[in-house]
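Q: The file below is my_file-v9.txt, compact mmCIF, C-alpha atoms:
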# COMPACT_ATOMS: atom_id res chain seq x y z
CA SER A 101 36.64 101.63 21.21
CA ALA A 102 36.88 101.65 25.01
CA VAL A 103 34.32 103.08 27.43
CA ILE A 104 36.00 105.76 29.51
CA SER A 105 34.55 107.41 32.57
CA GLN A 106 35.81 110.32 34.61
CA LYS A 107 34.94 111.48 38.10
CA PRO A 108 33.96 114.07 39.03
CA SER A 109 32.27 115.41 35.91
CA ARG A 110 32.53 118.93 37.28
CA ASP A 111 33.62 120.74 40.41
CA ILE A 112 33.93 124.22 41.81
CA CYS A 113 36.88 124.62 44.14
CA GLN A 114 38.49 127.27 46.29
CA ARG A 115 41.95 128.50 45.43
CA GLY A 116 44.73 126.79 47.31
CA THR A 117 42.93 123.46 47.50
CA SER A 118 43.60 120.31 45.46
CA LEU A 119 41.33 118.12 43.37
CA THR A 120 41.92 114.55 42.24
CA ILE A 121 40.29 113.44 39.00
CA GLN A 122 39.78 109.76 38.29
CA CYS A 123 39.77 108.07 34.90
CA GLN A 124 38.47 104.52 34.54
CA VAL A 125 38.55 102.44 31.35
CA ASP A 126 36.48 99.32 30.79
CA SER A 127 39.37 97.43 29.19
CA GLN A 128 43.11 97.29 29.59
CA VAL A 129 44.97 99.95 27.60
CA THR A 130 48.62 100.49 26.96
CA MET A 131 48.64 104.27 26.86
CA MET A 132 46.75 106.79 28.98
CA PHE A 133 47.09 110.54 28.68
CA TRP A 134 45.87 113.64 30.48
CA TYR A 135 44.96 116.79 28.56
CA ARG A 136 43.77 120.24 29.49
CA GLN A 137 41.38 122.31 27.40
CA GLN A 138 41.12 125.90 28.56
CA PRO A 139 38.11 128.00 27.57
CA GLY A 140 38.10 128.65 23.85
CA GLN A 141 41.33 126.72 23.33
CA SER A 142 42.26 123.39 21.91
CA LEU A 143 43.67 120.44 23.81
CA THR A 144 47.08 120.60 25.42
CA LEU A 145 48.81 117.44 26.57
CA ILE A 146 49.77 117.56 30.25
CA ALA A 147 51.43 114.17 30.60
CA THR A 148 51.49 110.52 29.65
CA ALA A 149 50.46 108.28 32.54
CA ASN A 150 52.83 105.31 32.66
CA GLN A 151 51.71 102.15 34.39
CA GLY A 152 53.97 101.32 37.30
CA SER A 153 56.30 104.27 36.87
CA GLU A 154 56.35 108.05 37.00
CA ALA A 155 54.35 109.99 34.44
CA THR A 156 56.09 111.75 31.56
CA TYR A 157 55.29 115.46 31.67
CA GLU A 158 55.17 117.92 28.79
CA SER A 159 56.97 121.22 28.79
CA GLY A 160 55.26 123.64 31.16
CA PHE A 161 53.76 120.97 33.41
CA VAL A 162 55.43 119.59 36.54
CA ILE A 163 54.78 116.70 38.87
CA ASP A 164 54.39 118.88 41.97
CA LYS A 165 51.48 120.72 40.37
CA PHE A 166 49.91 117.78 38.53
CA PRO A 167 50.78 114.52 40.26
CA ILE A 168 49.55 111.51 38.32
CA SER A 169 49.06 107.92 39.35
CA ARG A 170 48.52 104.87 37.20
CA PRO A 171 48.36 101.81 39.42
CA ASN A 172 47.09 99.45 36.71
CA LEU A 173 46.14 99.22 33.05
CA THR A 174 42.57 100.49 33.47
CA PHE A 175 42.83 103.38 35.93
CA SER A 176 44.63 106.69 36.39
CA THR A 177 44.28 109.80 38.51
CA LEU A 178 45.34 113.39 37.94
CA THR A 179 45.59 115.78 40.87
CA VAL A 180 45.47 119.53 40.34
CA SER A 181 47.36 120.88 43.35
CA ASN A 182 47.25 124.25 45.07
CA MET A 183 44.71 125.48 42.58
CA SER A 184 44.40 129.02 41.26
CA PRO A 185 41.75 130.51 38.96
CA GLU A 186 44.13 129.94 36.04
CA ASP A 187 43.62 126.20 36.51
CA SER A 188 39.96 126.53 35.57
CA SER A 189 39.68 124.27 32.59
CA ILE A 190 38.35 121.00 31.28
CA TYR A 191 40.61 118.07 32.09
CA LEU A 192 40.35 115.05 29.81
CA CYS A 193 41.89 111.63 29.95
CA SER A 194 42.42 109.68 26.78
CA VAL A 195 43.53 106.17 25.88
CA GLU A 196 45.33 104.52 23.04
CA ASP A 197 46.21 100.96 22.10
CA LEU A 198 43.67 98.70 23.71
CA MET A 199 45.68 95.74 24.90
CA GLY A 200 46.44 93.42 22.04
CA ARG A 201 45.02 95.78 19.46
CA ARG A 202 46.73 98.82 18.04
CA THR A 203 44.36 101.74 17.72
CA ASP A 204 45.08 104.39 15.15
CA THR A 205 44.33 107.27 17.46
CA GLN A 206 43.06 108.21 20.91
CA TYR A 207 39.68 108.02 22.57
CA PHE A 208 38.64 110.53 25.18
CA GLY A 209 36.80 110.45 28.45
CA PRO A 210 33.90 112.85 28.97
CA GLY A 211 36.08 115.37 30.77
CA THR A 212 36.06 117.08 34.16
CA ARG A 213 35.01 120.72 34.15
CA LEU A 214 36.90 122.52 36.89
CA THR A 215 36.18 126.04 38.10
CA VAL A 216 38.51 127.60 40.66
CA LEU A 217 37.21 130.60 42.57
CA ARG B 200 54.03 129.34 13.47
CA LYS B 201 51.60 126.97 15.14
CA GLU B 202 52.13 123.29 14.50
CA VAL B 203 48.54 122.82 13.38
CA GLU B 204 46.52 125.78 12.13
CA GLN B 205 42.84 126.05 11.39
CA ASP B 206 40.46 128.85 10.55
CA PRO B 207 38.43 129.21 13.76
CA GLY B 208 35.29 130.26 11.89
CA PRO B 209 32.46 130.33 12.66
CA PHE B 210 31.17 128.93 9.42
CA ASN B 211 27.45 129.67 9.24
CA VAL B 212 25.82 127.63 6.49
CA PRO B 213 22.24 126.70 5.61
CA GLU B 214 21.01 123.14 5.78
CA GLY B 215 21.91 121.22 2.66
CA ALA B 216 24.98 123.30 1.89
CA THR B 217 28.43 121.92 1.20
CA VAL B 218 31.17 123.26 3.44
CA ALA B 219 34.91 122.68 3.46
CA PHE B 220 37.52 123.20 6.15
CA ASN B 221 41.25 123.32 5.67
CA CYS B 222 44.04 122.73 8.11
CA THR B 223 47.78 123.22 7.67
CA TYR B 224 50.56 121.52 9.58
CA SER B 225 54.16 122.59 9.98
CA ASN B 226 56.07 119.31 10.36
CA SER B 227 56.56 117.69 6.99
CA ALA B 228 57.51 114.41 8.68
CA SER B 229 54.05 114.03 10.26
CA GLN B 230 52.51 110.74 9.32
CA SER B 231 49.00 110.39 10.65
CA PHE B 232 46.13 112.81 10.39
CA PHE B 233 42.64 112.90 11.82
CA TRP B 234 39.50 114.96 12.06
CA TYR B 235 37.76 114.99 15.42
CA ARG B 236 34.38 116.46 16.19
CA GLN B 237 33.70 118.21 19.49
CA ASP B 238 30.17 119.15 20.47
CA CYS B 239 29.61 121.95 22.93
CA ARG B 240 30.66 120.91 26.44
CA LYS B 241 31.52 117.40 25.29
CA GLU B 242 34.72 115.47 24.68
CA PRO B 243 36.34 115.23 21.24
CA LYS B 244 35.31 112.19 19.23
CA LEU B 245 37.09 110.74 16.25
CA LEU B 246 35.26 111.63 13.04
CA MET B 247 37.65 110.07 10.57
CA SER B 248 41.27 109.33 9.86
CA VAL B 249 42.80 110.98 6.80
CA TYR B 250 44.61 108.73 4.37
CA SER B 251 47.04 109.73 1.66
CA SER B 252 44.67 108.63 -1.06
CA GLY B 253 41.78 110.55 0.45
CA ASN B 254 38.81 108.85 2.03
CA GLU B 255 35.08 109.22 2.20
CA ASP B 256 32.56 108.28 4.85
CA GLY B 257 29.02 109.07 3.81
CA ARG B 258 28.69 112.84 3.49
CA PHE B 259 32.22 113.42 4.76
CA THR B 260 35.34 113.45 2.59
CA ALA B 261 38.85 113.95 3.93
CA GLN B 262 41.89 114.70 1.82
CA LEU B 263 45.58 115.06 2.46
CA ASN B 264 48.00 117.12 0.42
CA ARG B 265 51.49 116.27 1.65
CA ALA B 266 53.27 118.60 -0.76
CA SER B 267 51.40 121.61 0.57
CA GLN B 268 51.04 120.20 4.07
CA TYR B 269 47.33 120.63 4.38
CA ILE B 270 44.35 118.50 5.23
CA SER B 271 40.78 119.17 4.24
CA LEU B 272 37.34 118.05 5.35
CA LEU B 273 34.34 118.39 3.07
CA ILE B 274 30.82 118.01 4.39
CA ARG B 275 28.06 117.61 1.83
CA ASP B 276 24.34 118.13 2.41
CA SER B 277 24.92 119.71 5.84
CA LYS B 278 22.53 118.74 8.62
CA LEU B 279 21.64 120.72 11.72
CA SER B 280 23.30 117.93 13.71
CA ASP B 281 26.62 118.65 11.99
CA SER B 282 26.91 121.84 14.07
CA ALA B 283 30.04 121.36 16.18
CA THR B 284 33.71 122.26 16.38
CA TYR B 285 35.91 120.26 14.01
CA LEU B 286 39.44 119.63 15.27
CA CYS B 287 42.31 118.89 12.94
CA VAL B 288 44.77 116.51 14.61
CA VAL B 289 48.26 115.49 13.51
CA ARG B 290 50.41 112.76 14.97
CA GLU B 291 53.96 113.97 15.49
CA PHE B 292 56.50 111.74 13.81
CA THR B 293 59.31 111.89 16.35
CA THR B 294 57.28 111.75 19.58
CA ASP B 295 54.13 109.97 18.38
CA LYS B 296 52.05 112.57 20.24
CA LEU B 297 48.82 114.05 18.92
CA ILE B 298 48.86 117.75 18.16
CA PHE B 299 45.46 119.43 18.08
CA GLY B 300 44.39 122.44 16.09
CA THR B 301 42.21 125.02 17.79
CA GLY B 302 39.18 123.87 15.86
CA THR B 303 36.75 125.27 13.31
CA LEU B 304 33.25 126.06 14.49
CA LEU B 305 30.44 125.05 12.15
CA ALA B 306 26.89 126.29 12.67
CA VAL B 307 24.30 124.83 10.32
CA GLN B 308 21.21 127.01 10.14
CA PRO B 309 17.66 125.80 9.40
Do you think you could lay out the structure here as structure tokens?
A:
Amino acid sequence: SAVISQKPSRDICQRGTSLTIQCQVDSQVTMMFWYRQQPGQSLTLIATANQGSEATYESGFVIDKFPISRPNLTFSTLTVSNMSPEDSSIYLCSVEDLMGRRTDTQYFGPGTRLTVL
Amino acid sequence: RKEVEQDPGPFNVPEGATVAFNCTYSNSASQSFFWYRQDCRKEPKLLMSVYSSGNEDGRFTAQLNRASQYISLLIRDSKLSDSATYLCVVREFTTDKLIFGTGTLLAVQP
């Protein structure tokens, strides 16, 4: 499996501000995803980060609120824009299909714990 | 109906006990199934894939019943370190996305 790191690991932010979360993988991967896990809930897919093109967003998530970049095959960012307390959550990136090798499922980064005051 | 449903628990069991979790899924066309483990304040980690014929990994046994659309996880000889939330995960056939259950909390008591 790949080694995935996320920065920051946690943050406390004021409402109305924005936070950019970074996800770095130690090997090239085909697929990268961003999930949200709200307190006491399971994981909800926000979007698929596509290398070199716009991300594909799930129902209920929009690019203006959660802009995503994926400049290469090992790195992606998720920005949580104009934050409100409802955005307090854990944000996780995950990867699938290490280049040249199909993986059966996804592997997750350690997550970013966000609290919005 | 939720796409993937699990009993949230908690399941409180003594060390050495055998415990089983079930999970049901709504899309009969789903093809791949997994159990993930999530420790408190940590990311989910793949515990095992679930194959049609059933599969075993040490103390853990996973089974799939396609006719009834449920997946099970059996843990034998529970250890304190097994305490975690167990997530049932199904890969959607049409979109290839992973759908996560809300998880079942297991607490193994000394």
Q: For CA of Ala283 in chain B and CA of Phe220 in chain B, quote the distance in Å rounded to one decimal.
A: 12.6 Å
Q: With only C-alpha atoms as the atoms that count, which of B:Thr284, B:Ser248, B:Asn211, B:Thr294 lies nearest to Ala228 in chain B?
A: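 Comparing B:Thr284, B:Ser248, B:Asn211, B:Thr294 against Ala228 in chain B, the winner is B:Thr294.
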Q: So which one's closest to Ile190 in chain A, A:Tyr135, A:Phe166, A:Tyr157, A:Phe208? Using only C-alpha atoms, please.
A: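 Among the listed residues, A:Tyr135 lies closest to Ile190 in chain A.
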Q: Contacts between chain B and chain A, please, where a residue of chain A counts if it comes within 9 Å (with all atoms listed in the file); show its shortest atom pair and distance in Å to one decimal, rows by chain and ascending number, as a Markdown table.
A:
| residue | atom | partner | partner_atom | distance |
| --- | --- | --- | --- | --- |
| A:Gly140 | CA | B:Thr301 | CA | 8.2 |
| A:Gln141 | CA | B:Thr301 | CA | 5.9 |
| A:Ser142 | CA | B:Thr301 | CA | 4.4 |
| A:Leu143 | CA | B:Phe299 | CA | 6.1 |
| A:Thr144 | CA | B:Phe299 | CA | 7.6 |
| A:Leu145 | CA | B:Leu297 | CA | 8.4 |
| A:Leu192 | CA | B:Glu242 | CA | 7.6 |
| A:Asp204 | CA | B:Ser248 | CA | 8.2 |
| A:Thr205 | CA | B:Leu245 | CA | 8.1 |
| A:Gln206 | CA | B:Leu245 | CA | 8.0 |
| A:Tyr207 | CA | B:Lys244 | CA | 6.9 |
| A:Phe208 | CA | B:Glu242 | CA | 6.3 |
| A:Gly209 | CA | B:Glu242 | CA | 6.6 |
| A:Pro210 | CA | B:Glu242 | CA | 5.1 |
| A:Gly211 | CA | B:Glu242 | CA | 6.2 |
| A:Arg213 | CA | B:Arg240 | CA | 8.9 |
Q: Please produce a file of those selected residues containing C-alpha atoms, as a compact mmCIF listing (two decimals), in the coordinates of the input.
A:
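Dumped everything to again.txt:
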# COMPACT_ATOMS: atom_id res chain seq x y z
CA GLY A 140 38.10 128.65 23.85
CA GLN A 141 41.33 126.72 23.33
CA SER A 142 42.26 123.39 21.91
CA LEU A 143 43.67 120.44 23.81
CA THR A 144 47.08 120.60 25.42
CA LEU A 145 48.81 117.44 26.57
CA LEU A 192 40.35 115.05 29.81
CA ASP A 204 45.08 104.39 15.15
CA THR A 205 44.33 107.27 17.46
CA GLN A 206 43.06 108.21 20.91
CA TYR A 207 39.68 108.02 22.57
CA PHE A 208 38.64 110.53 25.18
CA GLY A 209 36.80 110.45 28.45
CA PRO A 210 33.90 112.85 28.97
CA GLY A 211 36.08 115.37 30.77
CA ARG A 213 35.01 120.72 34.15
Q: Determine, counting all atoms listed in the file, which protein, DNA and RNA residues have an atom within 6 Å of an atom of Ser277 in chain B; residues of the same chain fewer than 4 positions away are not included. Present the result as a PyMOL selection string.
A: chain B and resi 214-216
Q: Work out how far CA of Ile112 in chain A is from CA of Asp164 in chain A, in Å to one decimal.
A: 21.1 Å
Q: Would you pick out the contacts of Arg265 in chain B at 12 Å or less, using only C-alpha atoms, so that residues sharing its chain but fewer than 6 positions from it are not included, and give the list as a list in words?
A: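 Within the cut-off, the hits are Cys222, Thr223, Tyr224, Ser225, Asn226, Ser227, Ala228, Ser229, Gln230, Ser231, Phe232, Val249, Tyr250, Ser251, Ser252, Gly253 and Ser271 of chain B.
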Q: Would you mind reading off the distance between CA of Asp295 in chain B and CA of Pro108 in chain A, one decimal, in Å?
A: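 Answer for the CA of Asp295 in chain B to CA of Pro108 in chain A separation: 29.2 Å.
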Q: Give me, as an NGL selection string, all polymer residues having an atom no more than 6 Å from range 177-189 of chain A, counting all atoms listed in the file and skipping those fewer than 6 positions away in the same chain.
A: :A and (115-122 or 137-138 or 165-169 or 214-217)
